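S.K.: Hey, dropping run_39.tsv in here, TSV, C-alpha atoms:
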chain	number	residue	atom	x	y	z
A	468	MET	CA	55.65	8.53	40.59
A	469	LYS	CA	53.51	9.29	37.54
A	470	LEU	CA	52.89	13.04	37.33
A	471	ASP	CA	49.17	12.84	36.55
A	472	TYR	CA	48.07	16.23	37.96
A	473	VAL	CA	51.15	18.14	36.80
A	474	SER	CA	50.72	16.61	33.32
A	475	ARG	CA	47.11	17.87	33.23
A	476	ILE	CA	48.29	21.35	34.18
A	477	LYS	CA	51.10	21.35	31.61
A	478	PHE	CA	48.72	20.16	28.89
A	479	GLY	CA	46.22	22.89	29.76
A	480	LEU	CA	48.86	25.61	29.71
A	481	LYS	CA	50.21	24.41	26.36
A	482	ARG	CA	46.76	23.92	24.89
A	483	TYR	CA	45.63	27.45	25.61
A	484	LYS	CA	48.99	28.98	24.67
A	485	THR	CA	49.27	30.83	27.95
A	486	ILE	CA	52.23	32.99	28.93
A	487	ALA	CA	52.31	31.11	32.20
A	488	THR	CA	55.86	29.82	32.09
A	489	ASP	CA	57.64	32.41	29.98
A	490	LYS	CA	59.58	35.51	30.98
A	491	ALA	CA	56.47	37.70	30.94
A	492	THR	CA	55.03	35.81	33.89
A	493	SER	CA	58.37	35.93	35.68
A	494	ARG	CA	58.24	39.71	35.42
A	495	VAL	CA	54.68	39.73	36.77
A	496	LEU	CA	55.78	37.66	39.75
A	497	ASP	CA	58.84	39.78	40.43
A	498	GLY	CA	56.89	42.99	40.02
A	499	SER	CA	54.20	41.81	42.41
A	500	TYR	CA	56.44	40.40	45.08
A	501	ASN	CA	59.68	42.36	44.85
A	502	SER	CA	60.06	42.41	48.63
A	503	ILE	CA	60.06	38.63	48.92
A	504	TYR	CA	63.25	36.80	48.06
A	505	LYS	CA	65.70	34.33	49.48
A	506	GLY	CA	69.47	34.67	49.29
A	507	ARG	CA	71.78	37.59	48.49
A	508	SER	CA	72.85	36.93	44.93
A	509	MET	CA	72.68	40.19	42.97
A	510	ASN	CA	73.04	41.12	39.30
A	511	PHE	CA	74.20	44.59	38.16
A	512	ASP	CA	71.42	46.50	36.39
A	513	GLU	CA	72.38	50.15	35.82
A	514	LEU	CA	73.81	53.35	37.25
A	515	ARG	CA	71.52	55.96	38.75
A	516	GLU	CA	71.88	59.17	40.74
A	517	TYR	CA	72.35	58.87	44.50
A	518	VAL	CA	69.35	59.59	46.74
A	519	PRO	CA	69.41	59.88	50.55
A	520	GLY	CA	69.16	56.44	52.12
A	521	ASP	CA	71.19	54.61	49.49
A	522	ASP	CA	74.10	52.51	50.72
A	523	ILE	CA	77.33	54.47	50.16
A	524	LYS	CA	79.06	51.16	49.43
A	525	ASP	CA	77.18	51.11	46.11
A	526	ILE	CA	78.63	54.45	44.92
A	527	ASP	CA	80.56	54.08	41.66
A	528	TRP	CA	83.41	56.56	42.28
A	529	LYS	CA	84.85	56.37	38.76
A	530	ALA	CA	81.51	57.10	37.13
A	531	THR	CA	80.87	59.83	39.72
A	532	SER	CA	84.15	61.61	38.90
A	533	ARG	CA	83.39	61.50	35.17
A	534	SER	CA	79.82	62.80	35.40
A	535	GLN	CA	80.25	65.21	38.33
A	536	LYS	CA	77.16	63.58	39.87
A	537	VAL	CA	77.11	61.01	42.65
A	538	LEU	CA	76.11	57.77	40.92
A	539	ILE	CA	75.37	54.42	42.52
A	540	ARG	CA	75.32	50.92	41.11
A	541	GLN	CA	71.80	49.50	41.10
A	542	TYR	CA	71.35	45.75	41.37
A	543	ILE	CA	68.57	43.26	40.74
A	544	ALA	CA	68.15	40.52	43.31
A	545	GLU	CA	67.91	36.95	42.10
A	546	LYS	CA	64.65	36.36	43.94
A	547	LYS	CA	63.32	33.09	45.25
A	548	HIS	CA	59.58	33.23	45.83
A	549	ASN	CA	58.03	31.15	48.61
A	550	LEU	CA	54.52	30.12	47.58
A	551	MET	CA	52.19	28.66	50.22
A	552	LEU	CA	49.05	26.95	48.91
A	553	VAL	CA	46.11	26.90	51.34
A	554	MET	CA	43.35	24.87	49.73
A	555	ASP	CA	39.84	24.31	51.05
A	556	THR	CA	39.06	20.61	51.52
A	557	ASN	CA	35.56	20.98	52.94
A	558	ARG	CA	32.94	18.71	51.35
A	559	ARG	CA	31.48	21.81	49.66
A	560	MET	CA	34.31	21.38	47.15
A	561	LEU	CA	32.55	18.24	45.85
A	562	ALA	CA	29.73	20.43	44.53
A	563	GLU	CA	29.72	21.95	41.06
A	564	THR	CA	30.88	25.31	39.75
A	565	GLU	CA	28.75	27.62	37.63
A	566	SER	CA	30.08	25.86	34.51
A	567	GLY	CA	29.08	22.43	35.85
A	568	GLU	CA	32.58	21.20	36.72
A	569	GLU	CA	33.45	19.78	40.13
A	570	LYS	CA	34.77	22.53	42.40
A	571	LYS	CA	37.54	20.24	43.68
A	572	ASP	CA	38.91	19.75	40.15
A	573	VAL	CA	38.81	23.47	39.34
A	574	ALA	CA	40.47	24.26	42.69
A	575	LEU	CA	43.18	21.68	42.06
A	576	ILE	CA	43.98	23.01	38.58
A	577	SER	CA	43.76	26.66	39.69
A	578	GLY	CA	46.08	26.36	42.68
A	579	GLY	CA	48.25	23.85	40.86
A	580	SER	CA	48.69	26.08	37.80
A	581	LEU	CA	49.93	29.03	39.86
A	582	ALA	CA	52.23	26.72	41.83
A	583	TYR	CA	53.52	25.26	38.55
A	584	MET	CA	54.34	28.75	37.25
A	585	VAL	CA	56.31	29.49	40.40
A	586	SER	CA	57.97	26.07	40.44
A	587	SER	CA	58.99	26.46	36.77
A	588	ASN	CA	60.82	29.64	37.76
A	589	GLY	CA	62.88	27.62	40.26
A	590	ASP	CA	60.99	28.86	43.30
A	591	TYR	CA	59.71	27.11	46.42
A	592	VAL	CA	56.22	25.67	46.90
A	593	SER	CA	54.58	24.48	50.11
A	594	ALA	CA	51.00	23.65	51.14
A	595	VAL	CA	48.80	23.32	54.21
A	596	PHE	CA	45.24	22.03	54.17
A	597	PRO	CA	43.00	20.03	56.51
A	598	ASN	CA	42.00	16.41	55.99
A	599	GLU	CA	39.23	14.71	57.97
A	600	LYS	CA	41.32	14.34	61.13
A	601	SER	CA	44.28	16.72	61.07
A	602	LEU	CA	46.39	18.97	58.82
A	603	GLU	CA	48.36	17.98	55.74
A	604	ARG	CA	51.67	19.92	55.78
A	605	PHE	CA	54.27	20.01	53.03
A	606	PRO	CA	57.72	21.66	53.42
A	607	PHE	CA	58.99	24.27	50.96
A	608	LYS	CA	60.60	22.47	48.05
A	609	MET	CA	61.34	23.01	44.37
A	610	GLY	CA	60.31	20.84	41.46
A	611	THR	CA	57.27	19.20	39.89
A	612	LEU	CA	57.48	16.03	42.00
A	613	ASN	CA	56.84	18.11	45.13
A	614	LEU	CA	53.82	19.72	43.44
A	615	GLU	CA	52.47	16.34	42.38
A	616	TYR	CA	52.59	15.07	45.98
A	617	ILE	CA	50.69	18.17	47.14
A	618	LEU	CA	47.96	17.90	44.50
A	619	GLU	CA	47.53	14.15	44.97
A	620	ALA	CA	47.11	14.61	48.73
A	621	TYR	CA	44.60	17.43	48.17
A	622	ALA	CA	42.48	15.28	45.84
A	623	LYS	CA	42.31	12.56	48.50
A	624	ALA	CA	41.54	15.00	51.33
A	625	VAL	CA	38.29	16.32	49.80
A	626	THR	CA	35.70	13.79	50.96
A	627	ILE	CA	32.01	13.79	51.82
A	628	ASP	CA	32.92	13.43	55.52
A	629	ASN	CA	35.33	16.38	55.56
A	630	ASP	CA	33.64	19.31	57.31
A	631	SER	CA	36.89	21.18	58.02
A	632	SER	CA	37.47	24.92	58.16
A	633	ILE	CA	40.20	26.68	56.21
A	634	ASN	CA	40.82	28.79	59.33
A	635	LYS	CA	42.60	25.79	60.83
A	636	ALA	CA	45.26	25.93	58.12
A	637	LEU	CA	45.59	29.73	58.25
A	638	GLU	CA	45.98	29.66	62.03
A	639	TYR	CA	48.71	27.01	61.74
A	640	ILE	CA	50.63	29.19	59.26
A	641	MET	CA	50.28	32.28	61.45
A	642	ARG	CA	51.64	30.47	64.52
A	643	ASN	CA	54.32	28.22	63.03
A	644	ILE	CA	55.85	29.61	59.81
A	645	ARG	CA	58.14	32.62	60.02
A	646	ARG	CA	59.48	33.03	56.48
A	647	ARG	CA	57.87	35.62	54.20
A	648	MET	CA	55.53	34.06	51.69
A	649	ILE	CA	53.01	34.47	48.93
A	650	ILE	CA	49.95	32.82	50.48
A	651	VAL	CA	47.41	31.68	47.89
A	652	ILE	CA	44.06	30.67	49.41
A	653	VAL	CA	41.85	28.52	47.17
A	654	THR	CA	38.28	28.28	48.46
A	655	ASP	CA	34.69	29.28	47.68
A	656	ILE	CA	32.48	32.18	48.77
A	657	GLU	CA	31.35	30.37	51.91
A	658	GLY	CA	35.00	29.70	52.77
A	659	ILE	CA	35.86	33.39	52.31
A	660	ARG	CA	32.84	34.41	54.38
A	661	ARG	CA	34.00	32.19	57.24
A	662	MET	CA	37.66	33.29	57.19
A	663	ALA	CA	38.54	34.91	60.51
A	664	GLU	CA	39.35	38.59	60.07
A	665	GLY	CA	41.77	38.50	63.01
A	666	ILE	CA	43.88	35.87	61.24
A	667	LEU	CA	43.83	37.76	57.93
A	668	LYS	CA	44.89	40.94	59.71
A	669	GLN	CA	47.94	39.17	61.14
A	670	LEU	CA	48.91	37.42	57.90
A	671	VAL	CA	48.92	40.52	55.66
A	672	ILE	CA	51.37	42.29	57.98
A	673	VAL	CA	54.16	39.99	56.80
A	674	HIS	CA	52.91	38.14	53.73
A	675	ASP	CA	51.28	38.76	50.36
A	676	VAL	CA	47.85	37.07	50.47
A	677	LEU	CA	45.82	36.27	47.34
A	678	VAL	CA	42.47	34.51	47.09
A	679	ILE	CA	41.09	32.30	44.33
A	680	ASN	CA	37.32	31.94	44.66
A	681	ILE	CA	35.89	28.80	43.03
A	682	SER	CA	32.40	29.66	41.82
A	683	ASP	CA	29.18	27.98	42.96
A	684	SER	CA	26.50	26.57	40.69
A	685	THR	CA	22.93	27.79	40.75
A	686	CYS	CA	20.06	25.64	42.01
A	687	CYS	CA	18.60	25.17	38.52
A	688	GLY	CA	18.77	21.99	36.47
A	689	LYS	CA	17.26	18.55	36.09
A	690	LYS	CA	19.15	17.03	39.01
A	691	VAL	CA	20.69	19.30	41.62
A	692	TYR	CA	22.42	17.47	44.46
A	693	ASN	CA	22.68	19.14	47.87
A	694	ILE	CA	26.09	18.20	49.28
A	695	GLU	CA	25.24	19.41	52.79
A	696	ASN	CA	22.00	17.42	53.06
A	697	GLY	CA	23.11	14.46	50.98
A	698	SER	CA	20.02	14.48	48.76
A	699	TYR	CA	18.66	15.84	45.48
A	700	MET	CA	16.67	19.07	45.60
A	701	PRO	CA	12.98	18.73	44.69
A	702	ALA	CA	11.91	19.76	41.19
A	703	PHE	CA	9.54	22.50	42.39
A	704	MET	CA	12.63	24.31	43.74
A	705	THR	CA	15.04	23.72	40.87
A	706	ASP	CA	12.42	24.69	38.28
A	707	SER	CA	11.37	27.90	40.06
A	708	LYS	CA	12.49	31.00	38.13
A	709	LYS	CA	11.62	33.23	41.09
A	710	LEU	CA	13.75	31.17	43.47
A	711	HIS	CA	16.58	31.16	40.94
A	712	ARG	CA	16.44	34.96	40.68
A	713	LEU	CA	16.41	35.38	44.48
A	714	LEU	CA	19.32	32.99	44.99
A	715	THR	CA	21.32	34.64	42.22
A	716	GLU	CA	20.80	38.04	43.84
A	717	LYS	CA	21.84	36.63	47.21
A	718	GLN	CA	24.94	35.05	45.64
A	719	HIS	CA	25.99	38.34	44.02
A	720	LYS	CA	25.49	40.12	47.34
A	721	MET	CA	27.69	37.57	49.14
A	722	ILE	CA	30.42	37.95	46.51
A	723	ALA	CA	30.35	41.75	46.89
A	724	GLU	CA	30.52	41.47	50.68
A	725	CYS	CA	33.46	39.07	50.48
A	726	GLU	CA	35.29	41.32	48.02
A	727	ASP	CA	34.82	44.25	50.41
A	728	LYS	CA	36.06	42.12	53.30
A	729	LEU	CA	39.25	41.18	51.46
A	730	LYS	CA	39.76	44.66	50.04
A	731	HIS	CA	39.80	45.98	53.62
A	732	PHE	CA	43.00	43.98	54.16
A	733	GLY	CA	44.46	44.74	50.72
A	734	ILE	CA	43.87	41.18	49.50
A	735	SER	CA	43.25	40.60	45.78
A	736	MET	CA	40.64	38.06	44.66
A	737	ILE	CA	39.47	36.54	41.39
A	738	THR	CA	36.71	34.01	40.64
A	739	ILE	CA	37.29	30.90	38.52
A	740	ASP	CA	34.45	28.69	37.31
A	741	SER	CA	36.19	26.44	34.79
A	742	GLU	CA	39.53	24.80	34.11
A	743	ASP	CA	39.47	26.42	30.67
A	744	ASN	CA	39.89	30.00	31.92
A	745	THR	CA	42.29	29.25	34.76
A	746	GLU	CA	45.46	30.68	33.19
A	747	SER	CA	44.06	34.05	32.14
A	748	ARG	CA	42.36	34.51	35.51
A	749	ILE	CA	45.56	33.74	37.42
A	750	ILE	CA	47.48	36.31	35.39
A	751	GLU	CA	44.67	38.77	36.15
A	752	LEU	CA	45.03	37.98	39.88
A	753	LEU	CA	48.77	38.68	39.79
A	754	GLU	CA	48.23	41.94	37.95
A	755	LYS	CA	45.53	43.03	40.42
A	756	ASN	CA	47.86	42.30	43.31
A	757	LYS	CA	50.63	44.25	41.60
A	758	LEU	CA	48.34	47.29	41.31
A	759	ASN	CA	47.21	46.98	44.94
A	760	ASN	CA	50.79	47.06	46.25
Represent the structure contained in this file as structure tokens.
M.R.:
Amino acid sequence: MKLDYVSRIKFGLKRYKTIATDKATSRVLDGSYNSIYKGRSMNFDELREYVPGDDIKDIDWKATSRSQKVLIRQYIAEKKHNLMLVMDTNRRMLAETESGEEKKDVALISGGSLAYMVSSNGDYVSAVFPNEKSLERFPFKMGTLNLEYILEAYAKAVTIDNDSSINKALEYIMRNIRRRMIIVIVTDIEGIRRMAEGILKQLVIVHDVLVINISDSTCCGKKVYNIENGSYMPAFMTDSKKLHRLLTEKQHKMIAECEDKLKHFGISMITIDSEDNTESRIIELLEKNKLNN
């Protein structure tokens, strides 16, 4: 298989000289998700003084006798992150972002870039998203070939006839997947607004949940196509400064409401409107989540 989508992601990361695949990002991931790992392989880090609750098996008796303090051996786990991509495939994703790019493309690169970072660290990536008739489900696997299959399937799933809800994918995860995960939801403001709070409440009990919001365009311009109605908006609407101001105010209000909704559950969110600023925004999302935990 030709790695078309992964190649685009790798080119973008290299082009903008991101820290996406170096040790700095590994530290951001480990710092954000230090409770999530697979396996028991441990590396010795340092000695520190014993505190109640430490395992007595980790006491270094030789060092303790020399220092006259009870010292334990501290270890670093060789973590394996489990990243679950939940990507919105509703026909709204065929619309444009604020920068004029197709929302589907920005969503694909945004979710794909974070998955590529994780995959490059040797971690596991999975995905669940709805197509027109059912759910696309991908098992946890390592490697870029797995990521390419996921991104190719996502690109095909976003069609004009797809009126699916992202809740369907979230509900499937809640009911069927038991392992602890980093769940990354890639959607738009309308998708966030429609996310069931009951499902979010259940997911955050066990998992880290992060949200990437793909921005919406305004109604201004020479030709503005309404995805929902399947027609171009009339010029008297797209040329109206008053309407533009009112819609912009409404959009900002919706974003604030969605941020408050997610903040209630301790979920971090960032907005991406272009492929060009994907990497820096993803790093910002990881740092925000680190501060929230």
S.K.: Grab the atom CA of Lys608 of chain A to atom CA of Val676 of chain A distance for me, in Å with one decimal place.
M.R.: 19.5 Å
S.K.: Name the closest residue to Ile627 of chain A among the candidates A:Asn588, A:Arg559, A:Val537, A:Ile649; distances are taken between atoms, counting only C-alpha atoms.
M.R.: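 Smallest separation from Ile627 of chain A among the options: A:Arg559.
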S.K.: Report, in Å with one decimal, the straight-line distance from atom CA of Ser682 of chain A to atom CA of Asp471 of chain A.
M.R.: 24.3 Å
S.K.: Which is closest to Ile640 of chain A among A:Val625, A:Ile652, A:Val595, A:Met662, if we use all atoms listed in the file?
M.R.: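 Smallest distance to Ile640 of chain A is found for A:Val595.
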S.K.: Within 8 Å of Asp675 of chain A, counting only C-alpha atoms, which residues show up once you throw out same-chain ones fewer than 6 positions away? Write them as a list in words, please.
M.R.: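 Listing them by chain and then by number gives Tyr500, Met648, Ile649, Ile650 and Ile734 of chain A.
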S.K.: Tell me which of A:Gln535, A:Asp683, A:Glu746, A:Asp630 sits closest to Lys477 of chain A, counting all atoms listed in the file.
M.R.: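 Among the listed residues, A:Glu746 lies closest to Lys477 of chain A.
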S.K.: Taking (52.4, 27.9, 40.8) in the coordinates of the supplied file, I want to know which residues reach to within 12 Å of it, counting all atoms listed in the file; could you give the answer as JSON, numbers by chain?
M.R.: {"A": [473, 476, 477, 480, 487, 488, 492, 493, 496, 548, 549, 550, 551, 552, 575, 576, 577, 578, 579, 580, 581, 582, 583, 584, 585, 586, 587, 588, 589, 590, 591, 592, 593, 594, 609, 610, 611, 613, 614, 615, 617, 618, 649, 650, 651, 745, 746, 749, 750, 753]}
